[in-house]
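Undergrad: Sharing run.pdb here; it has PDB, C-alpha atoms, pLDDT in the B column.
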ATOM      1  CA  MET A   1     191.425-153.012 204.742  1.00 38.00           C
ATOM      2  CA  ALA A   2     190.241-149.686 206.021  1.00 38.00           C
ATOM      3  CA  ALA A   3     187.406-148.068 204.164  1.00 40.00           C
ATOM      4  CA  PRO A   4     186.799-144.377 203.712  1.00 39.00           C
ATOM      5  CA  SER A   5     184.200-142.948 206.071  1.00 41.00           C
ATOM      6  CA  THR A   6     181.641-141.852 203.477  1.00 44.00           C
ATOM      7  CA  THR A   7     180.913-141.579 199.782  1.00 45.00           C
ATOM      8  CA  GLY A   8     178.620-139.120 198.069  1.00 46.00           C
ATOM      9  CA  ALA A   9     175.176-138.204 199.350  1.00 49.00           C
ATOM     10  CA  GLU A  10     173.655-140.763 196.999  1.00 71.00           C
ATOM     11  CA  GLY A  11     175.528-143.628 198.727  1.00 74.00           C
ATOM     12  CA  PRO A  12     176.343-146.294 199.371  1.00 89.00           C
ATOM     13  CA  TRP A  13     177.890-144.998 202.572  1.00 87.00           C
ATOM     14  CA  PHE A  14     180.866-146.295 204.509  1.00 94.00           C
ATOM     15  CA  ILE A  15     179.591-145.328 207.952  1.00 93.00           C
ATOM     16  CA  ALA A  16     179.431-148.665 209.771  1.00 95.00           C
ATOM     17  CA  GLU A  17     182.998-148.686 211.145  1.00 94.00           C
ATOM     18  CA  GLN A  18     183.278-152.340 210.016  1.00 97.00           C
ATOM     19  CA  GLY A  19     183.643-153.721 206.481  1.00 96.00           C
ATOM     20  CA  ALA A  20     181.041-156.502 206.608  1.00 98.00           C
ATOM     21  CA  LEU A  21     178.455-154.086 208.030  1.00 98.00           C
ATOM     22  CA  ASP A  22     179.256-151.585 205.268  1.00 97.00           C
ATOM     23  CA  PHE A  23     178.644-154.459 202.838  1.00 98.00           C
ATOM     24  CA  ILE A  24     175.176-155.012 204.367  1.00 97.00           C
ATOM     25  CA  ASN A  25     174.516-151.276 204.139  1.00 96.00           C
ATOM     26  CA  THR A  26     174.580-151.374 200.344  1.00 97.00           C
ATOM     27  CA  GLN A  27     170.854-151.866 200.745  1.00 95.00           C
ATOM     28  CA  ALA A  28     169.234-148.922 202.505  1.00 91.00           C
ATOM     29  CA  TRP A  29     165.946-147.240 203.282  1.00 83.00           C
ATOM     30  CA  ALA A  30     164.692-144.650 200.804  1.00 75.00           C
ATOM     31  CA  GLU A  31     161.531-142.578 200.531  1.00 72.00           C
ATOM     32  CA  GLN A  32     159.902-145.222 198.302  1.00 74.00           C
ATOM     33  CA  GLY A  33     161.099-148.220 200.350  1.00 79.00           C
ATOM     34  CA  THR A  34     164.286-150.251 200.326  1.00 87.00           C
ATOM     35  CA  HIS A  35     166.905-149.212 197.773  1.00 92.00           C
ATOM     36  CA  ASP A  36     169.620-151.538 196.497  1.00 95.00           C
ATOM     37  CA  PHE A  37     172.746-149.604 195.512  1.00 96.00           C
ATOM     38  CA  TRP A  38     173.876-152.613 193.479  1.00 97.00           C
ATOM     39  CA  GLN A  39     172.148-152.869 190.139  1.00 97.00           C
ATOM     40  CA  SER A  40     175.045-154.254 188.085  1.00 97.00           C
ATOM     41  CA  ASP A  41     178.403-155.995 188.307  1.00 97.00           C
ATOM     42  CA  GLU A  42     180.007-152.559 187.878  1.00 97.00           C
ATOM     43  CA  ASP A  43     178.251-151.298 191.009  1.00 97.00           C
ATOM     44  CA  VAL A  44     179.754-154.168 193.016  1.00 97.00           C
ATOM     45  CA  LYS A  45     183.194-153.618 191.463  1.00 97.00           C
ATOM     46  CA  ASN A  46     182.982-149.927 192.359  1.00 96.00           C
ATOM     47  CA  TRP A  47     181.980-150.775 195.937  1.00 97.00           C
ATOM     48  CA  LEU A  48     184.897-153.190 196.292  1.00 97.00           C
ATOM     49  CA  GLN A  49     187.268-150.490 195.058  1.00 95.00           C
ATOM     50  CA  GLN A  50     185.735-147.784 197.301  1.00 95.00           C
ATOM     51  CA  SER A  51     185.984-150.118 200.292  1.00 95.00           C
ATOM     52  CA  GLY A  52     189.751-150.153 199.897  1.00 91.00           C
ATOM     53  CA  GLN A  53     190.183-153.473 198.135  1.00 89.00           C
ATOM     54  CA  GLY A  54     191.351-151.921 194.879  1.00 88.00           C
ATOM     55  CA  LYS A  55     190.265-152.645 191.353  1.00 92.00           C
ATOM     56  CA  LEU A  56     189.636-156.210 190.291  1.00 95.00           C
ATOM     57  CA  PRO A  57     192.568-157.518 188.238  1.00 94.00           C
ATOM     58  CA  GLU A  58     192.596-158.046 184.488  1.00 92.00           C
ATOM     59  CA  THR A  59     192.493-161.796 185.206  1.00 92.00           C
ATOM     60  CA  PHE A  60     188.979-161.443 186.731  1.00 95.00           C
ATOM     61  CA  VAL A  61     186.523-163.585 184.769  1.00 93.00           C
ATOM     62  CA  ALA A  62     182.795-163.866 185.411  1.00 95.00           C
ATOM     63  CA  LYS A  63     179.623-164.258 183.425  1.00 96.00           C
ATOM     64  CA  PRO A  64     177.568-161.058 183.185  1.00 97.00           C
ATOM     65  CA  GLY A  65     175.525-160.658 186.362  1.00 97.00           C
ATOM     66  CA  GLU A  66     177.462-163.312 188.284  1.00 98.00           C
ATOM     67  CA  LEU A  67     179.349-160.906 190.558  1.00 98.00           C
ATOM     68  CA  LEU A  68     176.113-159.018 191.322  1.00 98.00           C
ATOM     69  CA  ALA A  69     174.248-162.249 192.147  1.00 98.00           C
ATOM     70  CA  GLU A  70     177.043-163.565 194.394  1.00 98.00           C
ATOM     71  CA  ALA A  71     177.426-160.217 196.166  1.00 98.00           C
ATOM     72  CA  ARG A  72     173.692-160.077 196.875  1.00 98.00           C
ATOM     73  CA  LYS A  73     173.745-163.668 198.183  1.00 98.00           C
ATOM     74  CA  LEU A  74     176.699-162.899 200.450  1.00 98.00           C
ATOM     75  CA  ARG A  75     175.046-159.689 201.649  1.00 98.00           C
ATOM     76  CA  ALA A  76     171.865-161.576 202.614  1.00 98.00           C
ATOM     77  CA  LEU A  77     173.948-164.229 204.355  1.00 98.00           C
ATOM     78  CA  ILE A  78     175.962-161.693 206.370  1.00 98.00           C
ATOM     79  CA  LEU A  79     172.755-159.904 207.392  1.00 98.00           C
ATOM     80  CA  GLN A  80     171.280-163.228 208.528  1.00 98.00           C
ATOM     81  CA  LEU A  81     174.424-164.054 210.544  1.00 98.00           C
ATOM     82  CA  VAL A  82     174.458-160.622 212.194  1.00 98.00           C
ATOM     83  CA  GLU A  83     170.767-160.867 213.084  1.00 97.00           C
ATOM     84  CA  GLU A  84     171.230-164.394 214.485  1.00 97.00           C
ATOM     85  CA  LYS A  85     174.234-163.370 216.557  1.00 97.00           C
ATOM     86  CA  LYS A  86     172.545-160.140 217.710  1.00 96.00           C
ATOM     87  CA  SER A  87     169.497-162.096 218.908  1.00 95.00           C
ATOM     88  CA  GLY A  88     171.735-164.432 220.935  1.00 94.00           C
ATOM     89  CA  HIS A  89     171.519-167.448 218.628  1.00 95.00           C
ATOM     90  CA  THR A  90     174.449-169.418 217.270  1.00 92.00           C
ATOM     91  CA  PRO A  91     174.809-168.385 213.619  1.00 93.00           C
ATOM     92  CA  SER A  92     174.523-170.958 210.825  1.00 92.00           C
ATOM     93  CA  LEU A  93     178.083-171.067 209.522  1.00 96.00           C
ATOM     94  CA  ALA A  94     178.107-173.581 206.631  1.00 97.00           C
ATOM     95  CA  GLN A  95     177.442-171.021 203.877  1.00 97.00           C
ATOM     96  CA  LEU A  96     179.952-168.530 205.269  1.00 97.00           C
ATOM     97  CA  ASN A  97     182.550-171.285 205.438  1.00 97.00           C
ATOM     98  CA  GLY A  98     181.838-171.987 201.769  1.00 96.00           C
ATOM     99  CA  TYR A  99     182.752-168.401 200.889  1.00 96.00           C
ATOM    100  CA  LEU A 100     185.813-168.556 203.146  1.00 97.00           C
ATOM    101  CA  ALA A 101     186.986-171.713 201.372  1.00 96.00           C
ATOM    102  CA  GLN A 102     187.228-169.697 198.157  1.00 94.00           C
ATOM    103  CA  ALA A 103     189.825-167.320 199.620  1.00 94.00           C
ATOM    104  CA  GLN A 104     193.294-167.615 198.178  1.00 94.00           C
ATOM    105  CA  SER A 105     195.738-165.159 199.644  1.00 93.00           C
ATOM    106  CA  TYR A 106     199.331-164.707 200.658  1.00 94.00           C
ATOM    107  CA  LEU A 107     201.352-162.290 202.738  1.00 95.00           C
ATOM    108  CA  GLN A 108     203.796-159.869 201.183  1.00 95.00           C
ATOM    109  CA  VAL A 109     206.293-157.599 202.931  1.00 97.00           C
ATOM    110  CA  ASN A 110     206.483-154.057 201.545  1.00 94.00           C
ATOM    111  CA  THR A 111     207.665-150.665 202.650  1.00 95.00           C
ATOM    112  CA  ASP A 112     205.306-147.769 203.227  1.00 92.00           C
ATOM    113  CA  ALA A 113     205.844-144.162 202.083  1.00 92.00           C
ATOM    114  CA  GLU A 114     208.198-143.511 205.024  1.00 94.00           C
ATOM    115  CA  GLY A 115     210.230-146.665 204.333  1.00 94.00           C
ATOM    116  CA  ALA A 116     208.868-148.699 207.270  1.00 96.00           C
ATOM    117  CA  LEU A 117     208.298-152.411 206.704  1.00 97.00           C
ATOM    118  CA  GLN A 118     204.715-153.612 206.648  1.00 95.00           C
ATOM    119  CA  ILE A 119     202.940-156.884 205.975  1.00 96.00           C
ATOM    120  CA  GLN A 120     200.122-156.845 203.452  1.00 91.00           C
ATOM    121  CA  ARG A 121     197.704-159.669 202.608  1.00 90.00           C
ATOM    122  CA  LEU A 122     197.120-159.984 198.864  1.00 91.00           C
ATOM    123  CA  TYR A 123     194.166-161.907 197.469  1.00 93.00           C
ATOM    124  CA  GLN A 124     193.751-163.793 194.233  1.00 93.00           C
ATOM    125  CA  ARG A 125     190.558-162.246 192.864  1.00 95.00           C
ATOM    126  CA  ASP A 126     190.049-163.886 189.499  1.00 95.00           C
ATOM    127  CA  THR A 127     186.483-165.152 190.091  1.00 96.00           C
ATOM    128  CA  SER A 128     183.372-163.692 191.709  1.00 96.00           C
ATOM    129  CA  LEU A 129     183.662-165.873 194.806  1.00 96.00           C
ATOM    130  CA  ARG A 130     187.349-165.059 195.237  1.00 96.00           C
ATOM    131  CA  ALA A 131     186.663-161.341 194.730  1.00 96.00           C
ATOM    132  CA  LEU A 132     184.182-161.491 197.630  1.00 97.00           C
ATOM    133  CA  ALA A 133     186.354-163.648 199.911  1.00 96.00           C
ATOM    134  CA  PRO A 134     187.887-160.638 201.759  1.00 96.00           C
ATOM    135  CA  VAL A 135     184.362-159.497 202.690  1.00 97.00           C
ATOM    136  CA  ALA A 136     183.540-163.016 203.909  1.00 97.00           C
ATOM    137  CA  GLU A 137     186.680-162.835 206.064  1.00 97.00           C
ATOM    138  CA  GLN A 138     185.515-159.510 207.511  1.00 97.00           C
ATOM    139  CA  ALA A 139     182.160-161.131 208.318  1.00 98.00           C
ATOM    140  CA  ALA A 140     183.901-164.081 209.980  1.00 98.00           C
ATOM    141  CA  GLU A 141     185.999-161.676 212.056  1.00 97.00           C
ATOM    142  CA  LEU A 142     182.867-159.767 213.107  1.00 98.00           C
ATOM    143  CA  ILE A 143     180.896-162.910 213.996  1.00 97.00           C
ATOM    144  CA  THR A 144     183.737-164.475 215.988  1.00 97.00           C
ATOM    145  CA  HIS A 145     185.441-161.483 217.623  1.00 97.00           C
ATOM    146  CA  GLY A 146     182.955-158.606 217.403  1.00 96.00           C
ATOM    147  CA  GLN A 147     181.505-157.210 220.603  1.00 96.00           C
ATOM    148  CA  PHE A 148     177.870-157.507 219.619  1.00 96.00           C
ATOM    149  CA  GLU A 149     176.623-155.158 222.313  1.00 96.00           C
ATOM    150  CA  TYR A 150     178.188-152.481 220.066  1.00 97.00           C
ATOM    151  CA  VAL A 151     176.773-153.833 216.799  1.00 97.00           C
ATOM    152  CA  ARG A 152     173.576-151.880 216.297  1.00 96.00           C
ATOM    153  CA  GLN A 153     170.921-151.003 213.799  1.00 94.00           C
ATOM    154  CA  CYS A 154     170.055-147.341 213.384  1.00 93.00           C
ATOM    155  CA  GLU A 155     167.285-146.207 215.756  1.00 91.00           C
ATOM    156  CA  HIS A 156     165.360-144.363 213.035  1.00 87.00           C
ATOM    157  CA  PRO A 157     162.204-146.465 212.653  1.00 85.00           C
ATOM    158  CA  GLU A 158     162.502-146.754 208.866  1.00 85.00           C
ATOM    159  CA  CYS A 159     166.283-147.083 208.576  1.00 90.00           C
ATOM    160  CA  ILE A 160     167.824-150.515 208.016  1.00 93.00           C
ATOM    161  CA  LEU A 161     171.510-149.530 208.229  1.00 94.00           C
ATOM    162  CA  TRP A 162     173.861-151.193 210.722  1.00 96.00           C
ATOM    163  CA  PHE A 163     176.972-149.884 212.460  1.00 96.00           C
ATOM    164  CA  TYR A 164     179.643-150.865 214.970  1.00 96.00           C
ATOM    165  CA  ASP A 165     179.582-148.306 217.770  1.00 96.00           C
ATOM    166  CA  ARG A 166     183.222-147.407 218.331  1.00 95.00           C
ATOM    167  CA  THR A 167     182.472-144.122 220.098  1.00 94.00           C
ATOM    168  CA  LYS A 168     184.121-143.622 223.469  1.00 94.00           C
ATOM    169  CA  ALA A 169     180.860-143.665 225.440  1.00 94.00           C
ATOM    170  CA  HIS A 170     179.219-146.290 223.165  1.00 93.00           C
ATOM    171  CA  ARG A 171     176.043-144.215 222.869  1.00 92.00           C
ATOM    172  CA  ARG A 172     175.779-143.928 219.102  1.00 92.00           C
ATOM    173  CA  ARG A 173     172.128-144.177 218.048  1.00 91.00           C
ATOM    174  CA  TRP A 174     172.066-143.257 214.387  1.00 87.00           C
ATOM    175  CA  CYS A 175     173.687-144.677 211.295  1.00 89.00           C
ATOM    176  CA  SER A 176     174.879-141.123 210.708  1.00 83.00           C
ATOM    177  CA  MET A 177     174.008-137.742 212.190  1.00 79.00           C
ATOM    178  CA  ALA A 178     173.902-136.364 208.641  1.00 75.00           C
ATOM    179  CA  LEU A 179     171.341-138.982 207.586  1.00 73.00           C
ATOM    180  CA  CYS A 180     169.019-140.196 210.335  1.00 85.00           C
ATOM    181  CA  GLY A 181     170.236-138.057 213.227  1.00 63.00           C
ATOM    182  CA  ASN A 182     169.219-134.963 211.284  1.00 64.00           C
ATOM    183  CA  ARG A 183     165.858-136.529 210.362  1.00 60.00           C
ATOM    184  CA  ALA A 184     165.164-137.114 214.058  1.00 51.00           C
ATOM    185  CA  LYS A 185     166.079-133.511 214.937  1.00 53.00           C
ATOM    186  CA  VAL A 186     163.783-132.166 212.224  1.00 55.00           C
ATOM    187  CA  ALA A 187     160.942-134.429 213.387  1.00 54.00           C
ATOM    188  CA  ARG A 188     161.350-133.263 217.009  1.00 54.00           C
ATOM    189  CA  PHE A 189     161.406-129.623 215.874  1.00 50.00           C
ATOM    190  CA  ARG A 190     158.214-130.084 213.799  1.00 55.00           C
ATOM    191  CA  ALA A 191     156.516-131.828 216.713  1.00 57.00           C
ATOM    192  CA  LYS A 192     157.253-128.833 218.958  1.00 59.00           C
ATOM    193  CA  LEU A 193     155.688-126.481 216.393  1.00 60.00           C
ATOM    194  CA  ASN A 194     152.422-128.436 216.321  1.00 65.00           C
TER     195      ASN A 194
END
Here is the file; what I need is its structure written in the form of structure tokens.
TA:
Amino acid sequence: MAAPSTTGAEGPWFIAEQGALDFINTQAWAEQGTHDFWQSDEDVKNWLQQSGQGKLPETFVAKPGELLAEARKLRALILQLVEEKKSGHTPSLAQLNGYLAQAQSYLQVNTDAEGALQIQRLYQRDTSLRALAPVAEQAAELITHGQFEYVRQCEHPECILWFYDRTKAHRRRWCSMALCGNRAKVARFRAKLN
């Protein structure tokens, strides 16, 4: 599902142009070091909703902290897979396949606002692993079909955010001009003054 391009200044941000990379970017650089935007199950639920997956259903059942723990495990796994693939290695797929095995979905035909027919994939999301299965599918799509020459980490030396460069010239350098691009401009300006 398509995600909005950004959230508030406090993040997490949807700037990666790819869902699994946005999932990784829920951990970001901050002045004091790495900041994890997920501190509770509610944070993960909010991210899933903001990413376009909607609210978890009333049938969702998990022990307190379980969704947070599983989301953090999946995030670390996706980061590992992206780094392996980016470095030219064959990614270790067993754990990802375990998440994919949890997916239970079906297709449904609906009409959009203009009355045109459309196919929508609906997921059963009654457990933590099933709630995260769509993200695992986005990671699988990235790992298998992504053009990794366009999967990049921000060039700011302290930034850890990733993005999929979908610009026409494929010259994107920063996670966001508003975040790190602006920091680089300010640093260059200060260097000229000194």
Undergrad: Need the shell around region 33-39 of chain A: protein/DNA/RNA residues with any atom at most 10 Å away, counting all atoms listed in the file. Skip same-chain ones fewer than 2 positions apart. Format as a list in words?
TA: Glu10, Gly11, Pro12, Trp13, Asn25, Thr26, Gln27, Ala28, Trp29, Ala30, Glu31, Asp41, Glu42, Asp43, Val44, Lys45, Asn46, Trp47, Gly65, Leu68, Ala69, Ala71, Arg72, Glu158, Cys159 and Ile160 of chain A
Undergrad: Choose the residue, out of A:Lys55, A:Arg75, A:Lys63, A:Arg166, that has the smallest atom-to-atom separation from Phe23 (chain A); count all atoms listed in the file.
TA: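 For Phe23 (chain A), the nearest of the given residues is A:Arg75.
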Undergrad: Place a sphere of radius 7 Å on (174.0, -157.6, 216.2) in the file coordinates and name every protein, DNA or RNA residue with an atom inside or on its surface, counting only C-alpha atoms; give the answer as a list in words.
TA: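 Here is the list of nearby residues: Val82, Glu83, Lys85, Lys86, Ser87, Phe148, Val151 and Arg152 of chain A.
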Undergrad: Quick one: pull the distance between CA of Cys154 (chain A) and CA of Arg173 (chain A), Å, one decimal.
TA: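 Calculated distance between CA of Cys154 (chain A) and CA of Arg173 (chain A) is 6.0 Å.
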Undergrad: Check what the PyMOL selection byres ((chain A and resi 136-142) around 9) selects in the file above and give those residues as number ranges by chain.
TA: A: 18-21, 74, 78, 81-82, 96-97, 99-100, 103, 132-135, 143-148
Undergrad: Would you mind reading off the distance between CA of Leu161 (chain A) and CA of Leu56 (chain A), one decimal, in Å?
TA: 26.4 Å
Undergrad: What is the CA of Ser92 (chain A)-CA of Lys73 (chain A) distance in Å, reported with one decimal?
TA: 14.6 Å
Undergrad: So which residues get picked by the PyMOL selection byres ((chain A and resi 128) around 8) here, written as an NGL selection string?
TA: :A and (60-62 or 66-67 or 70 or 125-127 or 129-132)
Undergrad: Box in all listed atoms of region 103-118 of chain A, axis-aligned, with 8 Å more on each side; write out centre and edge lengths in Å to one decimal as AutoDock Vina command-line options.
TA:
--center_x 200.0 --center_y -155.6 --center_z 202.7 --size_x 36.4 --size_y 40.1 --size_z 25.1
